[in-house]
$ cat final35.pdb   # PDB, C-alpha atoms
ATOM      1  CA  MET F   1       0.000 -21.815   8.974
ATOM      2  CA  ARG F   2      -3.623 -20.685   8.881
ATOM      3  CA  LEU F   3      -4.647 -17.160   9.776
ATOM      4  CA  ASP F   4      -7.131 -17.074  12.635
ATOM      5  CA  SER F   5      -7.383 -15.547  16.065
ATOM      6  CA  THR F   6      -5.845 -18.593  17.760
ATOM      7  CA  GLN F   7      -2.539 -17.968  15.990
ATOM      8  CA  TYR F   8      -1.708 -14.680  17.713
ATOM      9  CA  GLY F   9       1.069 -16.156  19.845
ATOM     10  CA  ARG F  10       2.682 -18.010  16.939
ATOM     11  CA  ILE F  11       2.576 -14.967  14.684
ATOM     12  CA  PHE F  12       3.723 -12.236  17.052
ATOM     13  CA  ASP F  13       5.750 -14.399  19.460
ATOM     14  CA  SER F  14       7.082 -12.636  22.543
ATOM     15  CA  LEU F  15       6.696  -8.870  22.481
ATOM     16  CA  ASP F  16       8.872  -7.840  25.369
ATOM     17  CA  PRO F  17       9.354  -4.943  25.348
ATOM     18  CA  PHE F  18       6.119  -4.019  23.594
ATOM     19  CA  PRO F  19       7.082  -2.292  20.313
ATOM     20  CA  TYR F  20       4.232   0.240  20.228
ATOM     21  CA  ASN F  21       5.599   2.327  23.059
ATOM     22  CA  ARG F  22       4.827   5.973  23.665
ATOM     23  CA  SER F  23       7.575   7.319  21.393
ATOM     24  CA  PHE F  24       6.497   5.050  18.541
ATOM     25  CA  VAL F  25       2.848   6.069  18.919
ATOM     26  CA  GLN F  26       3.886   9.729  18.831
ATOM     27  CA  GLN F  27       5.901   9.035  15.687
ATOM     28  CA  VAL F  28       2.884   7.405  14.052
ATOM     29  CA  GLU F  29       0.644  10.319  14.978
ATOM     30  CA  ALA F  30       3.172  12.786  13.551
ATOM     31  CA  SER F  31       3.276  10.796  10.327
ATOM     32  CA  ARG F  32      -0.511  10.825  10.133
ATOM     33  CA  ARG F  33      -0.538  14.617  10.359
ATOM     34  CA  GLY F  34       2.062  14.790   7.597
ATOM     35  CA  LEU F  35       0.029  12.510   5.321
ATOM     36  CA  ASP F  36      -3.121  14.615   5.071
ATOM     37  CA  GLY F  37      -4.594  13.109   8.233
ATOM     38  CA  ALA F  38      -4.601   9.447   7.202
ATOM     39  CA  LEU F  39      -1.906   6.794   7.163
ATOM     40  CA  PHE F  40      -1.803   4.444   4.194
ATOM     41  CA  ILE F  41      -2.496   1.462   6.448
ATOM     42  CA  GLU F  42      -5.687   3.258   7.504
ATOM     43  CA  ARG F  43      -6.604   3.794   3.861
ATOM     44  CA  VAL F  44      -6.050   0.078   3.222
ATOM     45  CA  LEU F  45      -8.239  -0.909   6.176
ATOM     46  CA  LYS F  46     -10.969   1.436   4.958
ATOM     47  CA  ALA F  47     -10.783   0.002   1.439
ATOM     48  CA  LEU F  48     -11.146  -3.491   2.912
ATOM     49  CA  ASN F  49     -14.157  -2.385   4.979
ATOM     50  CA  LEU F  50     -12.084  -2.756   8.137
ATOM     51  CA  SER F  51     -12.513   0.830   9.290
ATOM     52  CA  ASN F  52     -13.109  -0.283  12.885
ATOM     53  CA  ALA F  53      -9.705  -1.901  12.866
ATOM     54  CA  GLY F  54      -8.216   1.320  11.528
ATOM     55  CA  SER F  55      -9.393   3.221  14.582
ATOM     56  CA  SER F  56      -7.347   0.804  16.712
ATOM     57  CA  TYR F  57      -4.062   1.630  15.002
ATOM     58  CA  PRO F  58      -1.549   2.090  16.472
ATOM     59  CA  PRO F  59      -2.358  -0.230  19.396
ATOM     60  CA  ARG F  60      -1.330   1.285  22.729
ATOM     61  CA  ASN F  61      -0.777  -2.033  24.527
ATOM     62  CA  GLU F  62      -0.626  -5.737  23.811
ATOM     63  CA  ALA F  63      -4.295  -6.269  24.622
ATOM     64  CA  ALA F  64      -5.154  -3.664  21.966
ATOM     65  CA  LEU F  65      -2.817  -5.344  19.455
ATOM     66  CA  LYS F  66      -4.438  -8.714  20.105
ATOM     67  CA  GLN F  67      -7.890  -7.200  19.707
ATOM     68  CA  LEU F  68      -6.837  -5.581  16.430
ATOM     69  CA  PHE F  69      -5.463  -8.911  15.200
ATOM     70  CA  GLU F  70      -8.667 -10.718  16.152
ATOM     71  CA  HIS F  71     -10.782  -8.102  14.402
ATOM     72  CA  ILE F  72      -8.741  -8.535  11.209
ATOM     73  CA  CYS F  73      -9.020 -12.326  11.357
ATOM     74  CA  ALA F  74     -12.771 -12.246  11.999
ATOM     75  CA  SER F  75     -13.561 -10.003   9.053
ATOM     76  CA  THR F  76     -15.653 -11.453   6.266
ATOM     77  CA  ASN F  77     -15.123  -8.395   4.038
ATOM     78  CA  ALA F  78     -11.533  -9.133   3.002
ATOM     79  CA  THR F  79      -9.788 -12.048   1.334
ATOM     80  CA  ILE F  80      -7.315 -14.158   3.278
ATOM     81  CA  HIS F  81      -4.396 -12.617   1.363
ATOM     82  CA  HIS F  82      -5.570  -9.097   2.145
ATOM     83  CA  LYS F  83      -5.961  -9.894   5.835
ATOM     84  CA  ALA F  84      -2.555 -11.558   5.927
ATOM     85  CA  SER F  85      -1.041  -8.505   4.228
ATOM     86  CA  VAL F  86      -2.350  -6.246   6.999
ATOM     87  CA  VAL F  87      -0.777  -8.560   9.582
ATOM     88  CA  PHE F  88       2.446  -8.404   7.557
ATOM     89  CA  TYR F  89       2.358  -4.600   7.861
ATOM     90  CA  LEU F  90       2.009  -4.873  11.648
ATOM     91  CA  LEU F  91       4.992  -7.213  11.732
ATOM     92  CA  LEU F  92       7.043  -4.673   9.799
ATOM     93  CA  ASP F  93       6.371  -2.329  12.718
ATOM     94  CA  VAL F  94       7.538  -5.008  15.120
ATOM     95  CA  ASP F  95      10.701  -5.685  13.121
ATOM     96  CA  GLN F  96      11.562  -1.993  13.057
ATOM     97  CA  ARG F  97      11.288  -1.679  16.831
ATOM     98  CA  THR F  98      12.821  -5.017  17.864
ATOM     99  CA  GLY F  99      15.353  -5.680  15.111
ATOM    100  CA  SER F 100      13.724  -9.037  14.340
ATOM    101  CA  GLU F 101      12.947 -10.420  10.899
ATOM    102  CA  ARG F 102       9.580 -11.855  11.742
ATOM    103  CA  ALA F 103       7.580 -10.204   8.967
ATOM    104  CA  GLN F 104       9.229 -12.146   6.169
ATOM    105  CA  TYR F 105       9.153 -15.410   8.113
ATOM    106  CA  ILE F 106       5.434 -15.153   8.854
ATOM    107  CA  ALA F 107       4.726 -13.997   5.282
ATOM    108  CA  ASP F 108       6.279 -17.247   4.072
ATOM    109  CA  GLN F 109       4.277 -19.270   6.594
ATOM    110  CA  LEU F 110       1.049 -17.600   5.492
ATOM    111  CA  ASN F 111       1.920 -17.881   1.786
ATOM    112  CA  ILE F 112       1.388 -14.177   1.133
ATOM    113  CA  PRO F 113       1.921 -13.551  -2.612
ATOM    114  CA  HIS F 114       5.059 -11.622  -3.492
ATOM    115  CA  ASN F 115       3.241  -8.661  -5.014
ATOM    116  CA  TYR F 116       1.104  -8.255  -1.880
ATOM    117  CA  LYS F 117       4.249  -8.081   0.249
ATOM    118  CA  VAL F 118       5.914  -5.608  -2.109
ATOM    119  CA  PHE F 119       2.896  -3.327  -2.083
ATOM    120  CA  MET F 120       2.517  -3.360   1.700
ATOM    121  CA  GLN F 121       6.219  -2.650   2.143
ATOM    122  CA  GLY F 122       5.851   0.339  -0.155
ATOM    123  CA  LEU F 123       2.920   1.661   1.864
ATOM    124  CA  TRP F 124       4.784   1.014   5.120
ATOM    125  CA  PHE F 125       7.678   3.165   3.907
ATOM    126  CA  MET F 126       5.190   5.835   2.784
ATOM    127  CA  ASP F 127       3.742   5.881   6.299
ATOM    128  CA  ASN F 128       7.251   6.201   7.683
ATOM    129  CA  GLN F 129       7.863   9.059   5.236
ATOM    130  CA  GLN F 130      10.799   7.331   3.588
ATOM    131  CA  PHE F 131       9.407   8.222   0.190
ATOM    132  CA  ASP F 132      12.448   7.418  -1.927
ATOM    133  CA  VAL F 133      12.569   3.891  -0.490
ATOM    134  CA  ALA F 134       8.795   3.530  -0.829
ATOM    135  CA  LEU F 135       8.982   4.149  -4.574
ATOM    136  CA  GLN F 136      11.423   1.281  -4.994
ATOM    137  CA  TYR F 137       8.508  -0.956  -3.995
ATOM    138  CA  LEU F 138       5.522   0.956  -5.377
ATOM    139  CA  THR F 139       6.997   1.097  -8.889
ATOM    140  CA  HIS F 140       7.666  -2.651  -8.957
ATOM    141  CA  PRO F 141       6.458  -4.157 -12.260
ATOM    142  CA  SER F 142       4.483  -6.886 -10.473
ATOM    143  CA  LEU F 143       2.053  -4.338  -9.015
ATOM    144  CA  GLN F 144      -1.235  -3.037 -10.308
ATOM    145  CA  PRO F 145      -1.389   0.677  -9.386
ATOM    146  CA  ASP F 146      -3.541   1.356  -6.345
ATOM    147  CA  PHE F 147      -4.041   4.375  -4.069
ATOM    148  CA  VAL F 148      -2.547   6.338  -6.945
ATOM    149  CA  ASP F 149      -4.170   9.675  -6.162
ATOM    150  CA  ASP F 150      -3.182   9.436  -2.509
ATOM    151  CA  ILE F 151       0.420   8.543  -3.332
ATOM    152  CA  ILE F 152       0.837  11.347  -5.854
ATOM    153  CA  THR F 153      -0.811  13.906  -3.578
ATOM    154  CA  VAL F 154       1.469  13.041  -0.680
ATOM    155  CA  LEU F 155       4.614  13.012  -2.827
ATOM    156  CA  VAL F 156       3.842  16.409  -4.383
ATOM    157  CA  ARG F 157       2.855  18.096  -1.129
ATOM    158  CA  ARG F 158       5.842  16.694   0.716
ATOM    159  CA  ALA F 159       8.349  17.510  -2.019
ATOM    160  CA  PRO F 160      11.380  19.200  -0.421
ATOM    161  CA  ASP F 161      12.354  22.661  -1.709
ATOM    162  CA  GLY F 162      10.375  22.333  -4.914
ATOM    163  CA  ASP F 163      12.084  19.082  -5.926
ATOM    164  CA  TYR F 164       9.324  17.104  -7.625
ATOM    165  CA  SER F 165      11.522  14.281  -8.881
ATOM    166  CA  LEU F 166       9.802  11.615  -6.759
ATOM    167  CA  PRO F 167       6.159  12.227  -7.772
ATOM    168  CA  LEU F 168       7.189  12.649 -11.399
ATOM    169  CA  ALA F 169       9.308   9.487 -11.293
ATOM    170  CA  TYR F 170       6.382   7.580  -9.790
ATOM    171  CA  TYR F 171       3.950   8.827 -12.435
ATOM    172  CA  GLN F 172       6.306   8.309 -15.365
ATOM    173  CA  THR F 173       7.256   4.806 -14.240
ATOM    174  CA  VAL F 174       3.806   3.511 -13.319
ATOM    175  CA  GLN F 175       1.739   5.533 -15.831
ATOM    176  CA  PRO F 176      -1.364   5.204 -13.634
ATOM    177  CA  LEU F 177      -4.892   6.396 -14.259
ATOM    178  CA  ILE F 178      -5.543   9.414 -12.038
ATOM    179  CA  GLN F 179      -9.083   9.548 -10.711
ATOM    180  CA  SER F 180      -9.550  13.043  -9.285
ATOM    181  CA  SER F 181      -9.126  16.355 -11.077
ATOM    182  CA  SER F 182      -7.501  17.850  -7.969
ATOM    183  CA  THR F 183      -4.731  15.235  -8.021
ATOM    184  CA  LEU F 184      -4.288  15.688 -11.757
ATOM    185  CA  GLU F 185      -3.868  19.449 -11.361
ATOM    186  CA  LEU F 186      -1.491  18.951  -8.433
ATOM    187  CA  LEU F 187       0.685  16.643 -10.521
ATOM    188  CA  PHE F 188       0.492  19.011 -13.483
ATOM    189  CA  ALA F 189       1.618  21.947 -11.351
ATOM    190  CA  ALA F 190       4.644  19.919 -10.258
ATOM    191  CA  LEU F 191       5.364  18.983 -13.867
ATOM    192  CA  ALA F 192       5.021  22.594 -15.059
ATOM    193  CA  ARG F 193       7.503  23.757 -12.441
ATOM    194  CA  SER F 194       9.952  21.108 -13.635
ATOM    195  CA  SER F 195       9.521  21.262 -17.420
ATOM    196  CA  ILE F 196       7.283  23.565 -19.475
ATOM    197  CA  VAL F 197       7.696  21.384 -22.560
ATOM    198  CA  ASP F 198       6.802  18.144 -20.738
ATOM    199  CA  ALA F 199       3.800  19.792 -19.095
ATOM    200  CA  PHE F 200       2.626  21.051 -22.493
ATOM    201  CA  GLN F 201       2.774  17.544 -23.967
ATOM    202  CA  PHE F 202       1.008  16.183 -20.879
ATOM    203  CA  SER F 203      -1.855  18.660 -21.313
ATOM    204  CA  ARG F 204      -2.358  17.472 -24.881
ATOM    205  CA  SER F 205      -3.020  13.913 -23.695
ATOM    206  CA  HIS F 206      -6.356  14.927 -22.130
ATOM    207  CA  ALA F 207      -9.824  15.654 -23.469
ATOM    208  CA  ASP F 208     -10.571  19.235 -24.496
ATOM    209  CA  PHE F 209     -12.157  20.475 -21.268
ATOM    210  CA  MET F 210      -9.317  19.301 -19.047
ATOM    211  CA  ARG F 211      -6.755  20.065 -21.733
ATOM    212  CA  ARG F 212      -7.823  23.727 -21.791
ATOM    213  CA  ARG F 213      -7.814  23.896 -18.010
ATOM    214  CA  LEU F 214      -4.299  22.447 -17.818
ATOM    215  CA  PHE F 215      -3.079  24.687 -20.621
ATOM    216  CA  GLN F 216      -4.251  27.767 -18.724
ATOM    217  CA  ARG F 217      -2.503  26.514 -15.600
ATOM    218  CA  LEU F 218       0.647  26.108 -17.681
ATOM    219  CA  VAL F 219       0.494  29.704 -18.902
ATOM    220  CA  LEU F 220       0.004  31.026 -15.384
ATOM    221  CA  SER F 221       2.754  28.833 -13.949
ATOM    222  CA  ALA F 222       5.263  30.034 -16.525
ATOM    223  CA  LEU F 223       4.416  33.745 -16.254
ATOM    224  CA  GLU F 224       3.448  34.340 -12.628
ATOM    225  CA  SER F 225       7.007  34.970 -11.494
ATOM    226  CA  VAL F 226       9.250  36.170 -14.284
ATOM    227  CA  SER F 227      12.418  37.211 -12.494
ATOM    228  CA  GLY F 228      15.820  35.639 -12.713
ATOM    229  CA  ARG F 229      17.353  33.543 -15.432
ATOM    230  CA  HIS F 230      15.483  30.303 -14.677
ATOM    231  CA  SER F 231      12.066  31.991 -14.643
ATOM    232  CA  ALA F 232      12.853  33.844 -17.870
ATOM    233  CA  GLU F 233      13.853  30.579 -19.507
ATOM    234  CA  LYS F 234      10.534  29.021 -18.480
ATOM    235  CA  ALA F 235       8.671  31.946 -19.999
ATOM    236  CA  LEU F 236      10.685  31.655 -23.180
ATOM    237  CA  ASP F 237       9.941  27.931 -23.322
ATOM    238  CA  LEU F 238       6.219  28.715 -23.081
ATOM    239  CA  ILE F 239       6.236  31.389 -25.762
ATOM    240  CA  SER F 240       8.265  29.194 -28.088
ATOM    241  CA  LEU F 241       5.910  26.202 -27.926
ATOM    242  CA  PRO F 242       4.275  25.047 -31.175
ATOM    243  CA  PHE F 243       0.648  25.847 -30.307
ATOM    244  CA  ASP F 244      -2.083  24.638 -32.603
ATOM    245  CA  ALA F 245      -4.884  27.046 -33.542
ATOM    246  CA  GLN F 246      -6.962  26.115 -30.506
ATOM    247  CA  GLU F 247      -4.065  26.575 -28.092
ATOM    248  CA  GLU F 248      -3.211  29.876 -29.733
ATOM    249  CA  GLN F 249      -6.725  31.090 -28.999
ATOM    250  CA  TRP F 250      -6.585  29.805 -25.404
ATOM    251  CA  PHE F 251      -3.285  31.621 -24.903
ATOM    252  CA  LYS F 252      -4.784  34.919 -26.075
ATOM    253  CA  GLU F 253      -7.973  34.497 -24.056
ATOM    254  CA  CYS F 254      -6.040  33.638 -20.907
ATOM    255  CA  LEU F 255      -3.896  36.779 -21.118
ATOM    256  CA  GLU F 256      -6.412  39.190 -22.637
ATOM    257  CA  SER F 257      -9.568  38.415 -20.678
ATOM    258  CA  GLY F 258      -8.899  35.432 -18.433
ATOM    259  CA  GLU F 259      -7.064  34.857 -15.190
ATOM    260  CA  GLY F 260      -3.745  35.743 -16.789
ATOM    261  CA  LYS F 261      -4.854  39.311 -17.538
ATOM    262  CA  ARG F 262      -3.801  40.353 -14.017
ATOM    263  CA  LEU F 263      -0.175  39.354 -14.622
ATOM    264  CA  PRO F 264       2.222  42.308 -15.049
ATOM    265  CA  VAL F 265       3.811  40.606 -18.064
ATOM    266  CA  ALA F 266       0.560  39.640 -19.833
ATOM    267  CA  LYS F 267       0.872  42.227 -22.607
ATOM    268  CA  ASP F 268       4.576  41.530 -23.022
ATOM    269  CA  ALA F 269       3.850  37.825 -23.353
ATOM    270  CA  LEU F 270       1.294  38.432 -26.075
ATOM    271  CA  LEU F 271       3.769  40.642 -27.915
ATOM    272  CA  MET F 272       6.542  38.096 -27.634
ATOM    273  CA  ARG F 273       4.252  35.346 -28.894
ATOM    274  CA  LYS F 274       3.567  37.431 -31.985
ATOM    275  CA  ILE F 275       7.293  37.907 -32.490
ATOM    276  CA  ALA F 276       7.954  34.208 -31.969
ATOM    277  CA  THR F 277       5.405  33.312 -34.645
ATOM    278  CA  ASN F 278       6.505  36.059 -37.029
ATOM    279  CA  GLN F 279       3.286  38.005 -36.518
ATOM    280  CA  GLY F 280       4.788  41.108 -34.940
ATOM    281  CA  THR F 281       7.868  43.263 -34.598
ATOM    282  CA  LEU F 282       9.799  44.611 -31.644
ATOM    283  CA  GLY F 283       9.188  48.259 -32.489
ATOM    284  CA  SER F 284       9.818  50.392 -29.428
ATOM    285  CA  GLU F 285       8.089  48.035 -26.987
ATOM    286  CA  SER F 286      10.025  47.180 -23.850
ATOM    287  CA  GLY F 287       9.178  45.582 -20.528
ATOM    288  CA  THR F 288      10.362  42.920 -18.140
ATOM    289  CA  TRP F 289      11.343  40.599 -20.944
ATOM    290  CA  ALA F 290      14.860  41.822 -21.725
ATOM    291  CA  VAL F 291      16.366  38.399 -21.140
ATOM    292  CA  ILE F 292      13.800  36.729 -23.381
ATOM    293  CA  LEU F 293      14.154  39.346 -26.083
ATOM    294  CA  GLU F 294      17.880  38.722 -26.092
ATOM    295  CA  GLY F 295      17.158  35.039 -26.495
ATOM    296  CA  PHE F 296      15.190  35.707 -29.643
ATOM    297  CA  LYS F 297      17.907  38.013 -30.936
ATOM    298  CA  THR F 298      20.432  35.182 -30.623
ATOM    299  CA  GLY F 299      18.295  32.770 -32.566
ATOM    300  CA  ASN F 300      16.137  30.921 -30.000
ATOM    301  CA  GLY F 301      12.982  32.096 -31.691
ATOM    302  CA  GLY F 302      13.910  30.181 -34.833
ATOM    303  CA  ARG F 303      12.817  26.913 -33.246
ATOM    304  CA  VAL F 304       9.148  27.917 -33.349
ATOM    305  CA  GLN F 305       6.870  26.684 -36.075
ATOM    306  CA  ALA F 306       3.385  28.073 -35.766
TER
END
$ encode --input "final35.pdb" --output "structure tokens"
Amino acid sequence: MRLDSTQYGRIFDSLDPFPYNRSFVQQVEASRRGLDGALFIERVLKALNLSNAGSSYPPRNEAALKQLFEHICASTNATIHHKASVVFYLLLDVDQRTGSERAQYIADQLNIPHNYKVFMQGLWFMDNQQFDVALQYLTHPSLQPDFVDDIITVLVRRAPDGDYSLPLAYYQTVQPLIQSSSTLELLFAALARSSIVDAFQFSRSHADFMRRRLFQRLVLSALESVSGRHSAEKALDLISLPFDAQEEQWFKECLESGEGKRLPVAKDALLMRKIATNQGTLGSESGTWAVILEGFKTGNGGRVQA
């Protein structure tokens, strides 16, 4: 089957009832608001220079759907496989609403490559906010990472109750190149909340300017809220890290004159770092670090090698 505007009837068949009803359109609009104002299908259309088609999604009636289809087919800015993949996405909508299995059938008729289908299914599940299912497709080994920053940003911001397992699983599986510093810092914040040690190693994989910036974010993340056993353990993990000379200086600058100076535990953290590296003694100092001090007394500090 060829993809052109005359094939609308063969591709979409009978649409009775029309799948893009009012409730579905409202669902799409709610998803758009939850995805930083843009659906992934809209991001795809923009990347393919089909922005005009993006403004027509979701179609409110069959005439609008046909017009959208014709606009996709008429485009000279996208390859045939890309255009067919967008049609495949629309058919996934149809299948969801009608219970049909037309998307896969038409994909076979149009000879859409497997990796194109996998990627579009992943984005379709992202748009439907079924993020765990989406990652089963978006981490497929046949894919070249794309829309990485957008995917990570959405997964971090939509993480439920501070559970960052999905964005971290996506990053660790795909190992993509992150383009924007804002996305990198967002991912790093999620990593720091999950594992101080892993975040520390992650910071070391970047050039000095960004490495210092991430290191400072790590210090602040670990020390901003030191209350309760889990928070104390994070602080202890930070203080026990094997800093090199440069990181040691960054740590001091952050807590003595930088953004970390405002933290109530800044001085205590500096003291504990000295103790951890055998550069200081407990003396009569005391503060909010009783739990951490006890950790050193029971031998945790012995794992540090300055």
$ resolve_selection --input "final35.pdb" --expression "the PyMOL selection byres ((chain F and resi 198-209) around 10)" --output "list in words"
Leu187, Phe188, Ala189, Ala190, Leu191, Ala192, Arg193, Ser194, Ser195, Ile196, Val197, Met210, Arg211, Arg212, Arg213, Leu214, Phe215, Gln216, Arg217, Leu218, Val219, Leu238, Leu241, Pro242, Phe243, Gln246 and Glu247 of chain F
$ resolve_selection --input "final35.pdb" --expression "the PyMOL selection byres ((chain F and resi 132-138) around 10)" --output "PyMOL selection string"
chain F and resi 115+117-131+139-146+148+151+155+165-167+169-170+173-174
$ residues_around --input "final35.pdb" --residues "F:Pro58" --least-positions-apart "4" --cutoff "9 Å" --atoms "all atoms listed in the file" --output "ChimeraX atom specification"
/F:20,24-25,28-29,54,64-65
$ write_last_selection --input "final35.pdb" --atoms "C-alpha atoms" --output "CSV table (one decimal), in the coordinates of the input"
chain,number,residue,atom,x,y,z
F,20,TYR,CA,4.2,0.2,20.2
F,24,PHE,CA,6.5,5.0,18.5
F,25,VAL,CA,2.8,6.1,18.9
F,28,VAL,CA,2.9,7.4,14.1
F,29,GLU,CA,0.6,10.3,15.0
F,54,GLY,CA,-8.2,1.3,11.5
F,64,ALA,CA,-5.2,-3.7,22.0
F,65,LEU,CA,-2.8,-5.3,19.5
$ atom_distance --input "final35.pdb" --atom1 "atom CA of F:His114" --atom2 "atom CA of F:Phe88"
11.8 Å
$ closest_atom_pairs --input "final35.pdb" --of "stretch 37-133 of chain F" --to "stretch 3-16 of chain F" --cutoff "9 Å" --atoms "only C-alpha atoms" --output "Markdown table"
| residue | atom | partner | partner_atom | distance |
| --- | --- | --- | --- | --- |
| F:Glu62 | CA | F:Leu15 | CA | 8.1 |
| F:Lys66 | CA | F:Tyr8 | CA | 7.0 |
| F:Phe69 | CA | F:Ser5 | CA | 7.0 |
| F:Glu70 | CA | F:Ser5 | CA | 5.0 |
| F:His71 | CA | F:Ser5 | CA | 8.4 |
| F:Ile72 | CA | F:Ser5 | CA | 8.6 |
| F:Cys73 | CA | F:Asp4 | CA | 5.3 |
| F:Ala74 | CA | F:Asp4 | CA | 7.5 |
| F:Ile80 | CA | F:Leu3 | CA | 7.6 |
| F:Lys83 | CA | F:Leu3 | CA | 8.4 |
| F:Ala84 | CA | F:Leu3 | CA | 7.1 |
| F:Val87 | CA | F:Ile11 | CA | 8.9 |
| F:Leu91 | CA | F:Phe12 | CA | 7.4 |
| F:Val94 | CA | F:Leu15 | CA | 8.4 |
| F:Thr98 | CA | F:Leu15 | CA | 8.6 |
| F:Arg102 | CA | F:Phe12 | CA | 7.9 |
| F:Ala103 | CA | F:Ile11 | CA | 9.0 |
| F:Ile106 | CA | F:Ile11 | CA | 6.5 |
| F:Leu110 | CA | F:Leu3 | CA | 7.1 |
$ write_last_selection --input "final35.pdb" --atoms "C-alpha atoms" --output "short mmCIF file (atom, residue, chain, number, x, y, z; two decimals), in the coordinates of the input"
data_model
loop_
_atom_site.label_atom_id
_atom_site.label_comp_id
_atom_site.auth_asym_id
_atom_site.auth_seq_id
_atom_site.Cartn_x
_atom_site.Cartn_y
_atom_site.Cartn_z
CA GLU F 62 -0.63 -5.74 23.81
CA LYS F 66 -4.44 -8.71 20.10
CA PHE F 69 -5.46 -8.91 15.20
CA GLU F 70 -8.67 -10.72 16.15
CA HIS F 71 -10.78 -8.10 14.40
CA ILE F 72 -8.74 -8.54 11.21
CA CYS F 73 -9.02 -12.33 11.36
CA ALA F 74 -12.77 -12.25 12.00
CA ILE F 80 -7.32 -14.16 3.28
CA LYS F 83 -5.96 -9.89 5.84
CA ALA F 84 -2.56 -11.56 5.93
CA VAL F 87 -0.78 -8.56 9.58
CA LEU F 91 4.99 -7.21 11.73
CA VAL F 94 7.54 -5.01 15.12
CA THR F 98 12.82 -5.02 17.86
CA ARG F 102 9.58 -11.86 11.74
CA ALA F 103 7.58 -10.20 8.97
CA ILE F 106 5.43 -15.15 8.85
CA LEU F 110 1.05 -17.60 5.49
#
$ closest_residue --input "final35.pdb" --among "F:Pro19, F:Val154, F:Ala245, F:Ala159" --to "F:Ser100" --atoms "all atoms listed in the file"
F:Pro19
$ atom_distance --input "final35.pdb" --atom1 "atom CA of F:Asp161" --atom2 "atom CA of F:Phe40"
23.8 Å
$ atom_distance --input "final35.pdb" --atom1 "atom CA of F:Phe18" --atom2 "atom CA of F:Gln96"
12.0 Å
$ axis_aligned_box --input "final35.pdb" --around "stretch 151-166 of chain F" --padding-each-side "5 Å" --output "lines of an AutoDock Vina configuration file"
center_x = 5.8
center_y = 15.6
center_z = -4.1
size_x = 23.2
size_y = 24.1
size_z = 19.6
$ decode --input "final35.pdb" --residues "stretch 86-96 of chain F" --atoms "N, CA, C and O atoms" --output "PDB file, in the first residue's frame"
ATOM      1  N   VAL F  86       3.700   8.658  11.775  1.00  0.00           N
ATOM      2  CA  VAL F  86       2.710   9.558  12.374  1.00  0.00           C
ATOM      3  C   VAL F  86       1.308   8.989  12.178  1.00  0.00           C
ATOM      4  O   VAL F  86       0.475   9.019  13.096  1.00  0.00           O
ATOM      5  N   VAL F  87       1.040   8.447  11.004  1.00  0.00           N
ATOM      6  CA  VAL F  87      -0.257   7.802  10.757  1.00  0.00           C
ATOM      7  C   VAL F  87      -0.430   6.604  11.693  1.00  0.00           C
ATOM      8  O   VAL F  87      -1.523   6.376  12.229  1.00  0.00           O
ATOM      9  N   PHE F  88       0.626   5.867  11.914  1.00  0.00           N
ATOM     10  CA  PHE F  88       0.596   4.734  12.849  1.00  0.00           C
ATOM     11  C   PHE F  88       0.191   5.204  14.238  1.00  0.00           C
ATOM     12  O   PHE F  88      -0.627   4.559  14.912  1.00  0.00           O
ATOM     13  N   TYR F  89       0.723   6.334  14.675  1.00  0.00           N
ATOM     14  CA  TYR F  89       0.355   6.900  15.981  1.00  0.00           C
ATOM     15  C   TYR F  89      -1.143   7.191  16.026  1.00  0.00           C
ATOM     16  O   TYR F  89      -1.818   6.876  17.020  1.00  0.00           O
ATOM     17  N   LEU F  90      -1.669   7.798  14.966  1.00  0.00           N
ATOM     18  CA  LEU F  90      -3.108   8.101  14.930  1.00  0.00           C
ATOM     19  C   LEU F  90      -3.937   6.820  15.017  1.00  0.00           C
ATOM     20  O   LEU F  90      -4.974   6.780  15.689  1.00  0.00           O
ATOM     21  N   LEU F  91      -3.454   5.772  14.384  1.00  0.00           N
ATOM     22  CA  LEU F  91      -4.178   4.498  14.423  1.00  0.00           C
ATOM     23  C   LEU F  91      -4.110   3.847  15.805  1.00  0.00           C
ATOM     24  O   LEU F  91      -5.018   3.097  16.180  1.00  0.00           O
ATOM     25  N   LEU F  92      -3.056   4.131  16.548  1.00  0.00           N
ATOM     26  CA  LEU F  92      -3.016   3.656  17.935  1.00  0.00           C
ATOM     27  C   LEU F  92      -4.134   4.313  18.748  1.00  0.00           C
ATOM     28  O   LEU F  92      -4.745   3.667  19.611  1.00  0.00           O
ATOM     29  N   ASP F  93      -4.391   5.587  18.466  1.00  0.00           N
ATOM     30  CA  ASP F  93      -5.540   6.255  19.092  1.00  0.00           C
ATOM     31  C   ASP F  93      -6.837   5.542  18.740  1.00  0.00           C
ATOM     32  O   ASP F  93      -7.684   5.275  19.598  1.00  0.00           O
ATOM     33  N   VAL F  94      -6.986   5.240  17.463  1.00  0.00           N
ATOM     34  CA  VAL F  94      -8.205   4.579  16.994  1.00  0.00           C
ATOM     35  C   VAL F  94      -8.372   3.226  17.661  1.00  0.00           C
ATOM     36  O   VAL F  94      -9.464   2.872  18.136  1.00  0.00           O
ATOM     37  N   ASP F  95      -7.295   2.453  17.710  1.00  0.00           N
ATOM     38  CA  ASP F  95      -7.360   1.125  18.342  1.00  0.00           C
ATOM     39  C   ASP F  95      -7.781   1.225  19.796  1.00  0.00           C
ATOM     40  O   ASP F  95      -8.567   0.407  20.294  1.00  0.00           O
ATOM     41  N   GLN F  96      -7.234   2.224  20.505  1.00  0.00           N
ATOM     42  CA  GLN F  96      -7.565   2.371  21.918  1.00  0.00           C
ATOM     43  C   GLN F  96      -9.061   2.627  22.107  1.00  0.00           C
ATOM     44  O   GLN F  96      -9.682   2.097  23.026  1.00  0.00           O
TER      45      GLN F  96
END
